[in-house]
file input36.pdb (PDB, N, CA and C atoms)
MODEL        1
ATOM      1  N   MET A 626      27.355 -13.142 -37.842
ATOM      2  CA  MET A 626      26.247 -12.602 -37.092
ATOM      3  C   MET A 626      25.201 -12.096 -38.086
ATOM      4  N   ASN A 627      23.976 -12.586 -37.984
ATOM      5  CA  ASN A 627      22.941 -12.125 -38.902
ATOM      6  C   ASN A 627      22.214 -10.915 -38.318
ATOM      7  N   ALA A 628      21.323 -10.322 -39.106
ATOM      8  CA  ALA A 628      20.625  -9.098 -38.684
ATOM      9  C   ALA A 628      19.790  -9.315 -37.429
ATOM     10  N   ALA A 629      19.255 -10.511 -37.246
ATOM     11  CA  ALA A 629      18.399 -10.784 -36.087
ATOM     12  C   ALA A 629      19.191 -10.809 -34.782
ATOM     13  N   THR A 630      20.472 -11.200 -34.853
ATOM     14  CA  THR A 630      21.274 -11.280 -33.641
ATOM     15  C   THR A 630      22.221 -10.091 -33.473
ATOM     16  N   GLN A 631      22.269  -9.215 -34.471
ATOM     17  CA  GLN A 631      23.146  -8.054 -34.410
ATOM     18  C   GLN A 631      22.633  -7.054 -33.370
ATOM     19  N   VAL A 632      23.557  -6.569 -32.552
ATOM     20  CA  VAL A 632      23.205  -5.609 -31.512
ATOM     21  C   VAL A 632      23.495  -4.208 -32.045
ATOM     22  N   ARG A 633      22.520  -3.322 -31.907
ATOM     23  CA  ARG A 633      22.682  -1.951 -32.379
ATOM     24  C   ARG A 633      23.398  -1.128 -31.313
ATOM     25  N   THR A 634      24.345  -0.325 -31.735
ATOM     26  CA  THR A 634      25.054   0.583 -30.838
ATOM     27  C   THR A 634      24.107   1.691 -30.414
ATOM     28  N   ASN A 635      24.137   2.065 -29.134
ATOM     29  CA  ASN A 635      23.323   3.181 -28.677
ATOM     30  C   ASN A 635      23.751   4.453 -29.387
ATOM     31  N   ARG A 636      22.763   5.199 -29.855
ATOM     32  CA  ARG A 636      23.005   6.398 -30.643
ATOM     33  C   ARG A 636      22.692   7.644 -29.809
ATOM     34  N   VAL A 637      23.673   8.541 -29.748
ATOM     35  CA  VAL A 637      23.569   9.770 -28.962
ATOM     36  C   VAL A 637      23.731  10.958 -29.899
ATOM     37  N   VAL A 638      22.916  11.986 -29.693
ATOM     38  CA  VAL A 638      23.136  13.237 -30.417
ATOM     39  C   VAL A 638      23.568  14.295 -29.408
ATOM     40  N   VAL A 639      24.682  14.967 -29.718
ATOM     41  CA  VAL A 639      25.228  16.031 -28.880
ATOM     42  C   VAL A 639      24.870  17.356 -29.540
ATOM     43  N   VAL A 640      24.171  18.231 -28.795
ATOM     44  CA  VAL A 640      23.742  19.529 -29.323
ATOM     45  C   VAL A 640      24.443  20.621 -28.524
ATOM     46  N   ASP A 641      25.367  21.322 -29.184
ATOM     47  CA  ASP A 641      26.077  22.415 -28.535
ATOM     48  C   ASP A 641      26.609  23.342 -29.622
ATOM     49  N   ASP A 642      26.550  24.645 -29.382
ATOM     50  CA  ASP A 642      27.047  25.607 -30.365
ATOM     51  C   ASP A 642      28.568  25.703 -30.358
ATOM     52  N   ASP A 643      29.214  25.203 -29.321
ATOM     53  CA  ASP A 643      30.670  25.246 -29.208
ATOM     54  C   ASP A 643      31.262  23.967 -29.804
ATOM     55  N   ALA A 644      31.963  24.119 -30.921
ATOM     56  CA  ALA A 644      32.535  22.966 -31.626
ATOM     57  C   ALA A 644      33.519  22.191 -30.747
ATOM     58  N   ARG A 645      34.228  22.885 -29.846
ATOM     59  CA  ARG A 645      35.182  22.201 -28.965
ATOM     60  C   ARG A 645      34.464  21.260 -28.013
ATOM     61  N   ILE A 646      33.336  21.694 -27.479
ATOM     62  CA  ILE A 646      32.568  20.843 -26.567
ATOM     63  C   ILE A 646      31.954  19.667 -27.329
ATOM     64  N   ARG A 647      31.412  19.947 -28.514
ATOM     65  CA  ARG A 647      30.866  18.846 -29.330
ATOM     66  C   ARG A 647      31.936  17.799 -29.597
ATOM     67  N   ASP A 648      33.135  18.253 -29.975
ATOM     68  CA  ASP A 648      34.212  17.312 -30.299
ATOM     69  C   ASP A 648      34.668  16.545 -29.061
ATOM     70  N   LEU A 649      34.812  17.227 -27.928
ATOM     71  CA  LEU A 649      35.204  16.564 -26.688
ATOM     72  C   LEU A 649      34.206  15.476 -26.311
ATOM     73  N   LEU A 650      32.917  15.808 -26.337
ATOM     74  CA  LEU A 650      31.889  14.820 -26.005
ATOM     75  C   LEU A 650      31.846  13.696 -27.034
ATOM     76  N   ARG A 651      32.032  14.030 -28.311
ATOM     77  CA  ARG A 651      32.054  12.998 -29.359
ATOM     78  C   ARG A 651      33.171  11.994 -29.115
ATOM     79  N   ARG A 652      34.370  12.503 -28.826
ATOM     80  CA  ARG A 652      35.507  11.604 -28.593
ATOM     81  C   ARG A 652      35.278  10.720 -27.372
ATOM     82  N   TYR A 653      34.826  11.314 -26.283
ATOM     83  CA  TYR A 653      34.592  10.548 -25.062
ATOM     84  C   TYR A 653      33.509   9.491 -25.267
ATOM     85  N   LEU A 654      32.374   9.896 -25.805
ATOM     86  CA  LEU A 654      31.262   8.964 -25.972
ATOM     87  C   LEU A 654      31.591   7.863 -26.978
ATOM     88  N   THR A 655      32.353   8.194 -28.022
ATOM     89  CA  THR A 655      32.772   7.181 -28.990
ATOM     90  C   THR A 655      33.673   6.149 -28.318
ATOM     91  N   GLN A 656      34.603   6.617 -27.479
ATOM     92  CA  GLN A 656      35.475   5.695 -26.734
ATOM     93  C   GLN A 656      34.665   4.761 -25.843
ATOM     94  N   GLU A 657      33.546   5.258 -25.336
ATOM     95  CA  GLU A 657      32.693   4.464 -24.453
ATOM     96  C   GLU A 657      31.735   3.556 -25.224
ATOM     97  N   GLY A 658      31.836   3.561 -26.542
ATOM     98  CA  GLY A 658      31.067   2.620 -27.351
ATOM     99  C   GLY A 658      29.777   3.150 -27.949
ATOM    100  N   PHE A 659      29.546   4.455 -27.870
ATOM    101  CA  PHE A 659      28.333   5.038 -28.434
ATOM    102  C   PHE A 659      28.572   5.485 -29.868
ATOM    103  N   GLU A 660      27.523   5.459 -30.655
ATOM    104  CA  GLU A 660      27.545   6.104 -31.957
ATOM    105  C   GLU A 660      27.084   7.537 -31.708
ATOM    106  N   VAL A 661      27.882   8.518 -32.141
ATOM    107  CA  VAL A 661      27.613   9.915 -31.798
ATOM    108  C   VAL A 661      27.308  10.725 -33.050
ATOM    109  N   LEU A 662      26.186  11.438 -32.993
ATOM    110  CA  LEU A 662      25.821  12.394 -34.029
ATOM    111  C   LEU A 662      25.916  13.783 -33.416
ATOM    112  N   LEU A 663      26.242  14.775 -34.242
ATOM    113  CA  LEU A 663      26.453  16.124 -33.732
ATOM    114  C   LEU A 663      25.462  17.097 -34.349
ATOM    115  N   ALA A 664      25.050  18.077 -33.548
ATOM    116  CA  ALA A 664      24.188  19.157 -34.021
ATOM    117  C   ALA A 664      24.652  20.450 -33.364
ATOM    118  N   GLU A 665      24.762  21.508 -34.157
ATOM    119  CA  GLU A 665      25.249  22.774 -33.627
ATOM    120  C   GLU A 665      24.142  23.698 -33.146
ATOM    121  N   ASP A 666      22.897  23.372 -33.485
ATOM    122  CA  ASP A 666      21.779  24.215 -33.061
ATOM    123  C   ASP A 666      20.475  23.418 -33.143
ATOM    124  N   ALA A 667      19.374  24.080 -32.799
ATOM    125  CA  ALA A 667      18.077  23.401 -32.772
ATOM    126  C   ALA A 667      17.642  22.935 -34.155
ATOM    127  N   LYS A 668      17.942  23.713 -35.175
ATOM    128  CA  LYS A 668      17.575  23.309 -36.543
ATOM    129  C   LYS A 668      18.298  22.032 -36.946
ATOM    130  N   ALA A 669      19.584  21.954 -36.610
ATOM    131  CA  ALA A 669      20.353  20.739 -36.906
ATOM    132  C   ALA A 669      19.820  19.553 -36.107
ATOM    133  N   LEU A 670      19.434  19.789 -34.853
ATOM    134  CA  LEU A 670      18.834  18.725 -34.044
ATOM    135  C   LEU A 670      17.550  18.225 -34.699
ATOM    136  N   ASN A 671      16.713  19.128 -35.151
ATOM    137  CA  ASN A 671      15.464  18.728 -35.814
ATOM    138  C   ASN A 671      15.736  17.879 -37.047
ATOM    139  N   ARG A 672      16.778  18.244 -37.827
ATOM    140  CA  ARG A 672      17.122  17.451 -39.013
ATOM    141  C   ARG A 672      17.544  16.042 -38.609
ATOM    142  N   VAL A 673      18.368  15.933 -37.553
ATOM    143  CA  VAL A 673      18.813  14.620 -37.075
ATOM    144  C   VAL A 673      17.616  13.792 -36.626
ATOM    145  N   LEU A 674      16.725  14.404 -35.857
ATOM    146  CA  LEU A 674      15.588  13.667 -35.298
ATOM    147  C   LEU A 674      14.607  13.196 -36.363
ATOM    148  N   THR A 675      14.555  13.875 -37.499
ATOM    149  CA  THR A 675      13.632  13.446 -38.552
ATOM    150  C   THR A 675      14.156  12.248 -39.329
ATOM    151  N   ARG A 676      15.468  12.007 -39.279
ATOM    152  CA  ARG A 676      16.003  10.904 -40.094
ATOM    153  C   ARG A 676      16.690   9.797 -39.300
ATOM    154  N   GLU A 677      16.898   9.994 -37.989
ATOM    155  CA  GLU A 677      17.629   9.014 -37.187
ATOM    156  C   GLU A 677      16.825   8.584 -35.968
ATOM    157  N   THR A 678      17.112   7.378 -35.492
ATOM    158  CA  THR A 678      16.584   6.908 -34.215
ATOM    159  C   THR A 678      17.642   7.226 -33.164
ATOM    160  N   ILE A 679      17.249   7.992 -32.145
ATOM    161  CA  ILE A 679      18.189   8.467 -31.128
ATOM    162  C   ILE A 679      17.829   7.862 -29.783
ATOM    163  N   ASP A 680      18.853   7.443 -29.041
ATOM    164  CA  ASP A 680      18.645   6.890 -27.706
ATOM    165  C   ASP A 680      18.818   7.930 -26.608
ATOM    166  N   LEU A 681      19.640   8.958 -26.870
ATOM    167  CA  LEU A 681      19.914   9.968 -25.848
ATOM    168  C   LEU A 681      20.288  11.276 -26.523
ATOM    169  N   ILE A 682      19.822  12.391 -25.948
ATOM    170  CA  ILE A 682      20.203  13.721 -26.407
ATOM    171  C   ILE A 682      20.994  14.387 -25.289
ATOM    172  N   VAL A 683      22.209  14.846 -25.618
ATOM    173  CA  VAL A 683      23.004  15.654 -24.694
ATOM    174  C   VAL A 683      22.859  17.074 -25.213
ATOM    175  N   LEU A 684      22.169  17.915 -24.441
ATOM    176  CA  LEU A 684      21.694  19.202 -24.940
ATOM    177  C   LEU A 684      22.258  20.372 -24.143
ATOM    178  N   ASP A 685      22.832  21.331 -24.843
ATOM    179  CA  ASP A 685      23.274  22.584 -24.237
ATOM    180  C   ASP A 685      22.034  23.434 -23.984
ATOM    181  N   LEU A 686      21.766  23.729 -22.729
ATOM    182  CA  LEU A 686      20.567  24.498 -22.394
ATOM    183  C   LEU A 686      20.738  25.993 -22.621
ATOM    184  N   MET A 687      21.941  26.405 -23.014
ATOM    185  CA  MET A 687      22.189  27.829 -23.218
ATOM    186  C   MET A 687      22.571  28.120 -24.664
ATOM    187  N   LEU A 688      21.901  27.486 -25.611
ATOM    188  CA  LEU A 688      22.177  27.758 -27.009
ATOM    189  C   LEU A 688      21.872  29.224 -27.303
ATOM    190  N   PRO A 689      22.769  29.931 -27.995
ATOM    191  CA  PRO A 689      22.539  31.342 -28.290
ATOM    192  C   PRO A 689      21.266  31.540 -29.114
ATOM    193  N   GLY A 690      20.446  32.469 -28.673
ATOM    194  CA  GLY A 690      19.224  32.779 -29.404
ATOM    195  C   GLY A 690      18.140  31.741 -29.254
ATOM    196  N   GLU A 691      18.420  30.686 -28.497
ATOM    197  CA  GLU A 691      17.459  29.607 -28.325
ATOM    198  C   GLU A 691      17.525  29.143 -26.879
ATOM    199  N   ASP A 692      16.442  28.643 -26.397
ATOM    200  CA  ASP A 692      16.408  28.061 -25.065
ATOM    201  C   ASP A 692      16.406  26.557 -25.257
ATOM    202  N   GLY A 693      17.525  25.901 -24.906
ATOM    203  CA  GLY A 693      17.647  24.464 -25.123
ATOM    204  C   GLY A 693      16.535  23.666 -24.474
ATOM    205  N   LEU A 694      16.132  24.071 -23.269
ATOM    206  CA  LEU A 694      15.056  23.362 -22.593
ATOM    207  C   LEU A 694      13.747  23.540 -23.351
ATOM    208  N   GLN A 695      13.491  24.748 -23.808
ATOM    209  CA  GLN A 695      12.283  25.012 -24.589
ATOM    210  C   GLN A 695      12.298  24.182 -25.874
ATOM    211  N   GLU A 696      13.451  24.117 -26.519
ATOM    212  CA  GLU A 696      13.551  23.341 -27.756
ATOM    213  C   GLU A 696      13.297  21.866 -27.478
ATOM    214  N   HIS A 697      13.834  21.361 -26.356
ATOM    215  CA  HIS A 697      13.633  19.955 -26.024
ATOM    216  C   HIS A 697      12.155  19.650 -25.852
ATOM    217  N   ALA A 698      11.407  20.609 -25.351
ATOM    218  CA  ALA A 698       9.974  20.420 -25.147
ATOM    219  C   ALA A 698       9.186  20.794 -26.397
ATOM    220  N   GLY A 699       9.883  21.240 -27.429
ATOM    221  CA  GLY A 699       9.226  21.725 -28.641
ATOM    222  C   GLY A 699       8.540  20.642 -29.441
ATOM    223  N   LYS A 700       7.840  21.074 -30.479
ATOM    224  CA  LYS A 700       7.016  20.144 -31.244
ATOM    225  C   LYS A 700       7.824  19.094 -31.997
ATOM    226  N   ALA A 701       9.119  19.327 -32.213
ATOM    227  CA  ALA A 701       9.933  18.311 -32.879
ATOM    228  C   ALA A 701      10.023  17.041 -32.057
ATOM    229  N   LEU A 702       9.840  17.157 -30.735
ATOM    230  CA  LEU A 702       9.967  16.000 -29.864
ATOM    231  C   LEU A 702       8.637  15.463 -29.376
ATOM    232  N   VAL A 703       7.550  16.115 -29.726
ATOM    233  CA  VAL A 703       6.242  15.670 -29.268
ATOM    234  C   VAL A 703       5.979  14.266 -29.799
ATOM    235  N   GLY A 704       5.554  13.389 -28.910
ATOM    236  CA  GLY A 704       5.252  12.016 -29.307
ATOM    237  C   GLY A 704       6.469  11.120 -29.389
ATOM    238  N   ARG A 705       7.627  11.640 -29.057
ATOM    239  CA  ARG A 705       8.850  10.831 -29.076
ATOM    240  C   ARG A 705       9.368  10.704 -27.659
ATOM    241  N   ASP A 706      10.083   9.644 -27.419
ATOM    242  CA  ASP A 706      10.641   9.412 -26.094
ATOM    243  C   ASP A 706      12.151   9.533 -26.187
ATOM    244  N   HIS A 707      12.687  10.739 -25.920
ATOM    245  CA  HIS A 707      14.122  10.986 -26.001
ATOM    246  C   HIS A 707      14.656  11.358 -24.632
ATOM    247  N   PRO A 708      15.388  10.450 -24.000
ATOM    248  CA  PRO A 708      16.035  10.846 -22.753
ATOM    249  C   PRO A 708      17.036  11.963 -23.050
ATOM    250  N   ALA A 709      17.215  12.879 -22.126
ATOM    251  CA  ALA A 709      18.159  13.979 -22.333
ATOM    252  C   ALA A 709      18.980  14.190 -21.068
ATOM    253  N   ARG A 710      20.194  14.648 -21.232
ATOM    254  CA  ARG A 710      21.082  14.986 -20.132
ATOM    255  C   ARG A 710      21.438  16.449 -20.257
ATOM    256  N   ARG A 711      21.406  17.136 -19.140
ATOM    257  CA  ARG A 711      21.783  18.545 -19.122
ATOM    258  C   ARG A 711      23.283  18.645 -18.892
ATOM    259  N   VAL A 712      23.953  19.452 -19.706
ATOM    260  CA  VAL A 712      25.376  19.670 -19.558
ATOM    261  C   VAL A 712      25.589  21.160 -19.346
ATOM    262  N   ARG A 713      26.251  21.501 -18.239
ATOM    263  CA  ARG A 713      26.538  22.911 -17.945
ATOM    264  C   ARG A 713      27.992  23.178 -18.203
ATOM    265  N   ASP A 714      28.272  24.253 -18.913
ATOM    266  CA  ASP A 714      29.663  24.618 -19.154
ATOM    267  C   ASP A 714      30.071  25.832 -18.349
ATOM    268  N   ARG A 715      29.182  26.257 -17.418
ATOM    269  CA  ARG A 715      29.489  27.391 -16.549
ATOM    270  C   ARG A 715      29.169  27.017 -15.121
ATOM    271  N   ALA A 716      29.890  27.602 -14.205
ATOM    272  CA  ALA A 716      29.638  27.318 -12.784
ATOM    273  C   ALA A 716      28.477  28.129 -12.274
TER     274      ALA A 716
ENDMDL
END
call {"tool": "encode", "arguments": {"input": "input36.pdb", "output": "structure tokens"}}
result
Amino acid sequence: MNAATQVRTNRVVVVDDDARIRDLLRRYLTQEGFEVLLAEDAKALNRVLTRETIDLIVLDLMLPGEDGLQEHAGKALVGRDHPARRVRDRA
């Protein structure tokens, strides 16, 4: 298979301060065929976004000291098209 016919795996970044949730989502999404990158906070997400092409962001909206929704709308994402999924860990 040459580079022109090679299919790129969809790349997902999981942003959550809880390492257990990041690992759970990483394992599940990897089993489903995604390439998974992890970020523990908004700063780590910004680092990922500056060097990687991302297809989907799974974002914890309750990051400590940060508002995940506010960060998603922040200047790091301006001009980029990143689909995002909200994940709630509380009822």
call {"tool": "resolve_selection", "arguments": {"input": "input36.pdb", "expression": "the PyMOL selection byres ((chain A and resi 638-648) around 5)", "output": "number ranges by chain"}}
result
A: 636-637, 649-652, 662-665, 681-685
call {"tool": "write_last_selection", "arguments": {"input": "input36.pdb", "atoms": "N, CA and C atoms", "output": "PDB file, in the frame of the given file"}}
result
ATOM      1  N   ARG A 636      22.763   5.199 -29.855  1.00  0.00           N
ATOM      2  CA  ARG A 636      23.005   6.398 -30.643  1.00  0.00           C
ATOM      3  C   ARG A 636      22.692   7.644 -29.809  1.00  0.00           C
ATOM      4  N   VAL A 637      23.673   8.541 -29.748  1.00  0.00           N
ATOM      5  CA  VAL A 637      23.569   9.770 -28.962  1.00  0.00           C
ATOM      6  C   VAL A 637      23.731  10.958 -29.899  1.00  0.00           C
ATOM      7  N   LEU A 649      34.812  17.227 -27.928  1.00  0.00           N
ATOM      8  CA  LEU A 649      35.204  16.564 -26.688  1.00  0.00           C
ATOM      9  C   LEU A 649      34.206  15.476 -26.311  1.00  0.00           C
ATOM     10  N   LEU A 650      32.917  15.808 -26.337  1.00  0.00           N
ATOM     11  CA  LEU A 650      31.889  14.820 -26.005  1.00  0.00           C
ATOM     12  C   LEU A 650      31.846  13.696 -27.034  1.00  0.00           C
ATOM     13  N   ARG A 651      32.032  14.030 -28.311  1.00  0.00           N
ATOM     14  CA  ARG A 651      32.054  12.998 -29.359  1.00  0.00           C
ATOM     15  C   ARG A 651      33.171  11.994 -29.115  1.00  0.00           C
ATOM     16  N   ARG A 652      34.370  12.503 -28.826  1.00  0.00           N
ATOM     17  CA  ARG A 652      35.507  11.604 -28.593  1.00  0.00           C
ATOM     18  C   ARG A 652      35.278  10.720 -27.372  1.00  0.00           C
ATOM     19  N   LEU A 662      26.186  11.438 -32.993  1.00  0.00           N
ATOM     20  CA  LEU A 662      25.821  12.394 -34.029  1.00  0.00           C
ATOM     21  C   LEU A 662      25.916  13.783 -33.416  1.00  0.00           C
ATOM     22  N   LEU A 663      26.242  14.775 -34.242  1.00  0.00           N
ATOM     23  CA  LEU A 663      26.453  16.124 -33.732  1.00  0.00           C
ATOM     24  C   LEU A 663      25.462  17.097 -34.349  1.00  0.00           C
ATOM     25  N   ALA A 664      25.050  18.077 -33.548  1.00  0.00           N
ATOM     26  CA  ALA A 664      24.188  19.157 -34.021  1.00  0.00           C
ATOM     27  C   ALA A 664      24.652  20.450 -33.364  1.00  0.00           C
ATOM     28  N   GLU A 665      24.762  21.508 -34.157  1.00  0.00           N
ATOM     29  CA  GLU A 665      25.249  22.774 -33.627  1.00  0.00           C
ATOM     30  C   GLU A 665      24.142  23.698 -33.146  1.00  0.00           C
ATOM     31  N   LEU A 681      19.640   8.958 -26.870  1.00  0.00           N
ATOM     32  CA  LEU A 681      19.914   9.968 -25.848  1.00  0.00           C
ATOM     33  C   LEU A 681      20.288  11.276 -26.523  1.00  0.00           C
ATOM     34  N   ILE A 682      19.822  12.391 -25.948  1.00  0.00           N
ATOM     35  CA  ILE A 682      20.203  13.721 -26.407  1.00  0.00           C
ATOM     36  C   ILE A 682      20.994  14.387 -25.289  1.00  0.00           C
ATOM     37  N   VAL A 683      22.209  14.846 -25.618  1.00  0.00           N
ATOM     38  CA  VAL A 683      23.004  15.654 -24.694  1.00  0.00           C
ATOM     39  C   VAL A 683      22.859  17.074 -25.213  1.00  0.00           C
ATOM     40  N   LEU A 684      22.169  17.915 -24.441  1.00  0.00           N
ATOM     41  CA  LEU A 684      21.694  19.202 -24.940  1.00  0.00           C
ATOM     42  C   LEU A 684      22.258  20.372 -24.143  1.00  0.00           C
ATOM     43  N   ASP A 685      22.832  21.331 -24.843  1.00  0.00           N
ATOM     44  CA  ASP A 685      23.274  22.584 -24.237  1.00  0.00           C
ATOM     45  C   ASP A 685      22.034  23.434 -23.984  1.00  0.00           C
TER      46      ASP A 685
END
call {"tool": "atom_distance", "arguments": {"input": "input36.pdb", "atom1": "atom CA of A:Tyr653", "atom2": "atom N of A:Asp680"}}
result
16.5 Å
call {"tool": "atom_distance", "arguments": {"input": "input36.pdb", "atom1": "atom C of A:Phe659", "atom2": "atom C of A:Arg633"}}
result
8.5 Å
call {"tool": "atom_distance", "arguments": {"input": "input36.pdb", "atom1": "atom CA of A:Gly658", "atom2": "atom CA of A:Leu674"}}
result
20.6 Å
call {"tool": "closest_residue", "arguments": {"input": "input36.pdb", "among": "A:Asp666, A:Glu660, A:Arg672, A:Leu654", "to": "A:Leu686", "atoms": "only C-alpha atoms"}}
result
A:Asp666
call {"tool": "axis_aligned_box", "arguments": {"input": "input36.pdb", "around": "stretch 667-676 of chain A", "padding_each_side": "8 Å", "output": "lines of an AutoDock Vina configuration file"}}
result
center_x = 17.0
center_y = 16.9
center_z = -36.4
size_x = 22.7
size_y = 30.3
size_z = 23.3
